[in-house]
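K.L.:
A single structure is presented below for examination.
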Amino acid sequence: MSGFAPDQPGAMVRASPNFGPRREGFRPEIILLHYTGMTTGAGAEDWLCNPASEVSSHYLVHEDGRIVQMVRESDRAWHAGQSSWRGVTDINSQSIGIEVVNPGPLAGHPPFPPRQIAAVISLCQGIVARHRIRPEMVLGHSDVAPGRKIDPGERFPWRALARAGVGHFVAPARHRRGAALQPGDEGQEVTRLQAMLASYGYGLETGGTYDGATKTVVSAFQLHFRPKKVDGIADPATRETLQRLLAALPSRVGERAA
């Protein structure tokens, strides 16, 4: 039983009961990417369509490139959980969720197959066109829920998506010698780091102390933009990569799309 016509051409439909209306005044402005973190794609699909799970996503992309739509793009799927971005805390009302079949830590973070990533790119391109999603609003679950979630993980090919016109990405800065900011540090440089992360969209207070929350957000930033070394330490390469991202923003951060 399909239940509705797919928004994405070529997608199969398996309707999930786990959805509701978007909050008044909200529309899709974020593409939020996840990995399933389960042993099989079939098991993940069943779970996302099981009313007992109380979770869902708009799409599931299997390892062979098959795309399954479970919730209409106009509706609010239940995939983000407790999260925030640019001060918005109801990410489910603001996003379209895509679950990418991958076991993650259950199998040592295996790579994503090329056919699967090609399907993810095509799907994202369609969503971007339908909803005018801005590049910097293509995010991972770890971006909006630092510390609570790590998906889609350090093996997710953000660079490949950006080359296809999906998402905002710059080449990570090369490692170089220099003082790192780390837990326990205080002062203007820490405040500046926190302000840059908050300006990009991460939920972080600018108190001037490199506390646990700051380390957690730096780790989330590294997962997405500097995955070769994810340690929560703001070394010079991490800070330079963040500066490059902010300088390359195609639109001003801090404003919701019109």
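Please note that chains go A, B, ... in the order of the structure tokens, that every chain numbers its residues from 1, and that ligands are numbered from 1 in the order shown.
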Need to verify the contact set: segment 66-76 of chain A, 7 Å, only C-alpha atoms, exclusion of same-chain residues closer than 2 positions in sequence. Can you return it as an MDAnalysis selection string?
P.N.:
chainID A and resid 6:7 11:16 19:22 57:62 64 78 92:93 96
K.L.:
Go ahead and dump the residues you just picked, N, CA, C and O atoms, as a JSON list (two decimals), in the first residue's frame.
P.N.:
```json
[["chain", "number", "residue", "atom", "x", "y", "z"],
["A", 6, "PRO", "N", 4.91, 9.88, -4.70],
["A", 6, "PRO", "CA", 6.20, 10.36, -4.22],
["A", 6, "PRO", "C", 6.50, 11.77, -4.70],
["A", 6, "PRO", "O", 6.14, 12.16, -5.82],
["A", 7, "ASP", "N", 7.17, 12.54, -3.86],
["A", 7, "ASP", "CA", 7.63, 13.87, -4.26],
["A", 7, "ASP", "C", 8.86, 13.77, -5.17],
["A", 7, "ASP", "O", 9.06, 14.61, -6.04],
["A", 11, "ALA", "N", 11.22, 7.51, -6.82],
["A", 11, "ALA", "CA", 11.21, 6.95, -5.48],
["A", 11, "ALA", "C", 10.06, 5.98, -5.31],
["A", 11, "ALA", "O", 8.98, 6.17, -5.87],
["A", 12, "MET", "N", 10.29, 4.93, -4.54],
["A", 12, "MET", "CA", 9.21, 4.05, -4.12],
["A", 12, "MET", "C", 8.57, 4.64, -2.86],
["A", 12, "MET", "O", 9.19, 5.44, -2.17],
["A", 13, "VAL", "N", 7.35, 4.24, -2.60],
["A", 13, "VAL", "CA", 6.65, 4.75, -1.43],
["A", 13, "VAL", "C", 6.29, 3.60, -0.50],
["A", 13, "VAL", "O", 5.76, 2.57, -0.91],
["A", 14, "ARG", "N", 6.63, 3.79, 0.76],
["A", 14, "ARG", "CA", 6.14, 2.93, 1.84],
["A", 14, "ARG", "C", 5.77, 3.87, 2.97],
["A", 14, "ARG", "O", 6.62, 4.38, 3.69],
["A", 15, "ALA", "N", 4.49, 4.13, 3.11],
["A", 15, "ALA", "CA", 4.03, 5.17, 4.03],
["A", 15, "ALA", "C", 4.25, 4.77, 5.48],
["A", 15, "ALA", "O", 3.93, 3.66, 5.89],
["A", 16, "SER", "N", 4.81, 5.70, 6.24],
["A", 16, "SER", "CA", 4.97, 5.51, 7.68],
["A", 16, "SER", "C", 3.83, 6.24, 8.40],
["A", 16, "SER", "O", 3.44, 7.35, 8.00],
["A", 19, "PHE", "N", 4.18, 10.58, 11.69],
["A", 19, "PHE", "CA", 4.37, 11.94, 11.19],
["A", 19, "PHE", "C", 3.24, 12.81, 11.71],
["A", 19, "PHE", "O", 2.28, 12.34, 12.31],
["A", 20, "GLY", "N", 3.36, 14.10, 11.47],
["A", 20, "GLY", "CA", 2.32, 15.05, 11.84],
["A", 20, "GLY", "C", 2.47, 16.30, 11.00],
["A", 20, "GLY", "O", 3.33, 16.38, 10.11],
["A", 21, "PRO", "N", 1.68, 17.33, 11.29],
["A", 21, "PRO", "CA", 1.80, 18.59, 10.53],
["A", 21, "PRO", "C", 3.01, 19.40, 11.00],
["A", 21, "PRO", "O", 3.40, 19.33, 12.17],
["A", 22, "ARG", "N", 3.59, 20.15, 10.10],
["A", 22, "ARG", "CA", 4.64, 21.09, 10.49],
["A", 22, "ARG", "C", 4.00, 22.21, 11.31],
["A", 22, "ARG", "O", 2.84, 22.57, 11.11],
["A", 57, "SER", "N", 11.44, 9.10, 8.87],
["A", 57, "SER", "CA", 12.13, 10.12, 8.09],
["A", 57, "SER", "C", 11.36, 10.26, 6.79],
["A", 57, "SER", "O", 10.49, 9.43, 6.47],
["A", 58, "HIS", "N", 11.64, 11.31, 6.07],
["A", 58, "HIS", "CA", 10.96, 11.47, 4.79],
["A", 58, "HIS", "C", 11.44, 10.42, 3.78],
["A", 58, "HIS", "O", 10.63, 9.88, 3.02],
["A", 59, "TYR", "N", 12.75, 10.14, 3.81],
["A", 59, "TYR", "CA", 13.33, 9.23, 2.83],
["A", 59, "TYR", "C", 14.30, 8.26, 3.50],
["A", 59, "TYR", "O", 14.93, 8.58, 4.52],
["A", 60, "LEU", "N", 14.44, 7.11, 2.87],
["A", 60, "LEU", "CA", 15.47, 6.14, 3.20],
["A", 60, "LEU", "C", 16.18, 5.79, 1.89],
["A", 60, "LEU", "O", 15.52, 5.50, 0.88],
["A", 61, "VAL", "N", 17.50, 5.83, 1.89],
["A", 61, "VAL", "CA", 18.28, 5.49, 0.70],
["A", 61, "VAL", "C", 19.06, 4.21, 0.99],
["A", 61, "VAL", "O", 19.93, 4.17, 1.85],
["A", 62, "HIS", "N", 18.72, 3.16, 0.25],
["A", 62, "HIS", "CA", 19.36, 1.86, 0.44],
["A", 62, "HIS", "C", 20.75, 1.84, -0.19],
["A", 62, "HIS", "O", 21.11, 2.70, -1.00],
["A", 64, "ASP", "N", 21.93, -0.04, -2.42],
["A", 64, "ASP", "CA", 21.94, -0.23, -3.88],
["A", 64, "ASP", "C", 21.37, 0.97, -4.63],
["A", 64, "ASP", "O", 21.22, 0.92, -5.85],
["A", 78, "TRP", "N", 9.51, 12.45, 12.05],
["A", 78, "TRP", "CA", 10.06, 12.44, 13.41],
["A", 78, "TRP", "C", 11.47, 11.83, 13.38],
["A", 78, "TRP", "O", 11.65, 10.65, 13.65],
["A", 92, "ASN", "N", 12.45, 19.25, 13.31],
["A", 92, "ASN", "CA", 11.55, 18.43, 12.52],
["A", 92, "ASN", "C", 10.60, 19.27, 11.67],
["A", 92, "ASN", "O", 10.26, 18.90, 10.54],
["A", 93, "SER", "N", 10.16, 20.41, 12.21],
["A", 93, "SER", "CA", 9.25, 21.26, 11.44],
["A", 93, "SER", "C", 9.97, 22.03, 10.35],
["A", 93, "SER", "O", 9.33, 22.55, 9.43],
["A", 96, "ILE", "N", 13.75, 18.32, 6.07],
["A", 96, "ILE", "CA", 13.43, 17.08, 5.39],
["A", 96, "ILE", "C", 14.53, 16.09, 5.77],
["A", 96, "ILE", "O", 15.71, 16.36, 5.58]]
```
K.L.:
So which bits of segment 75-113 of chain A end up strand (DSSP E or B) when you DSSP the backbone, as a list in words?
P.N.:
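Across segment 75-113 of chain A, those assigned strand (DSSP E or B) are Arg76, Ala77, Trp85, Val88, Ser95, Ile96, Gly97, Ile98, Glu99 and Val100 of chain A.
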K.L.:
Show which residues sit within 12 Å of Gln188 of chain A, as a list in words. Count only C-alpha atoms, and ignore same-chain residues fewer than 2 positions away.
P.N.:
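Those residues are Leu181, Asp185, Glu186, Val190, Thr191, Arg192, Leu193, Gln194, Ala195, Thr206, Gly207, Gly208, Thr209 and Tyr210 of chain A.
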K.L.:
Taking the DSSP assignment computed from this structure's backbone, write out as a count of residues only all residues of segment 25-202 of chain A that belong to helix (DSSP H, G or I).
P.N.:
60
K.L.:
Extract, using only C-alpha atoms, all DNA, RNA and protein residues at most 8 Å from Ala237 of chain A, discarding same-chain residues fewer than 3 positions from it, and format them as a PyMOL selection string.
P.N.:
chain A and resi 172-176+234+240-241
K.L.:
Please compute the atom CA of Pro110 of chain A-atom CA of Leu223 of chain A distance, one decimal, in Å.
P.N.:
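Distance reported for this atom pair: 15.3 Å.
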K.L.:
Using only C-alpha atoms, find the one residue out of A:His224, A:Lys229, A:Arg86, A:Arg23 that sits nearest to Val170 of chain A.
P.N.:
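Ranked by minimum distance to Val170 of chain A, first place goes to A:His224.
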K.L.:
Would you please work out which residue, of A:Thr36, A:Ser56, A:Ser199, A:Thr238, is nearest to Gly153 of chain A when using only C-alpha atoms?
P.N.:
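Under the stated criterion, the closest residue is A:Thr36.
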K.L.:
For Gly65 of chain A, find every residue with an atom within 7 Å (counting only C-alpha atoms), except residues of its own chain fewer than 5 positions away, and show them as a PyMOL selection string.
P.N.:
chain A and resi 115-116+119
K.L.:
Which residue, A:Glu63, A:Glu24, A:Asp231, A:Glu54, has the smallest gap to Glu154 of chain A when you use only C-alpha atoms?
P.N.:
A:Asp231
K.L.:
Show which residues sit within 9 Å of Pro135 of chain A, as a list in words. Count only C-alpha atoms, and ignore same-chain residues fewer than 4 positions away.
P.N.:
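After dropping sequence-adjacent residues, the list is Val128, Ala162, Gly165, Val166, Gly167, His168, Phe169, Leu249 and Pro250 of chain A.
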K.L.:
To one decimal place, how far is atom CA of Ala118 of chain A from atom CA of Val144 of chain A in Å?
P.N.:
24.2 Å
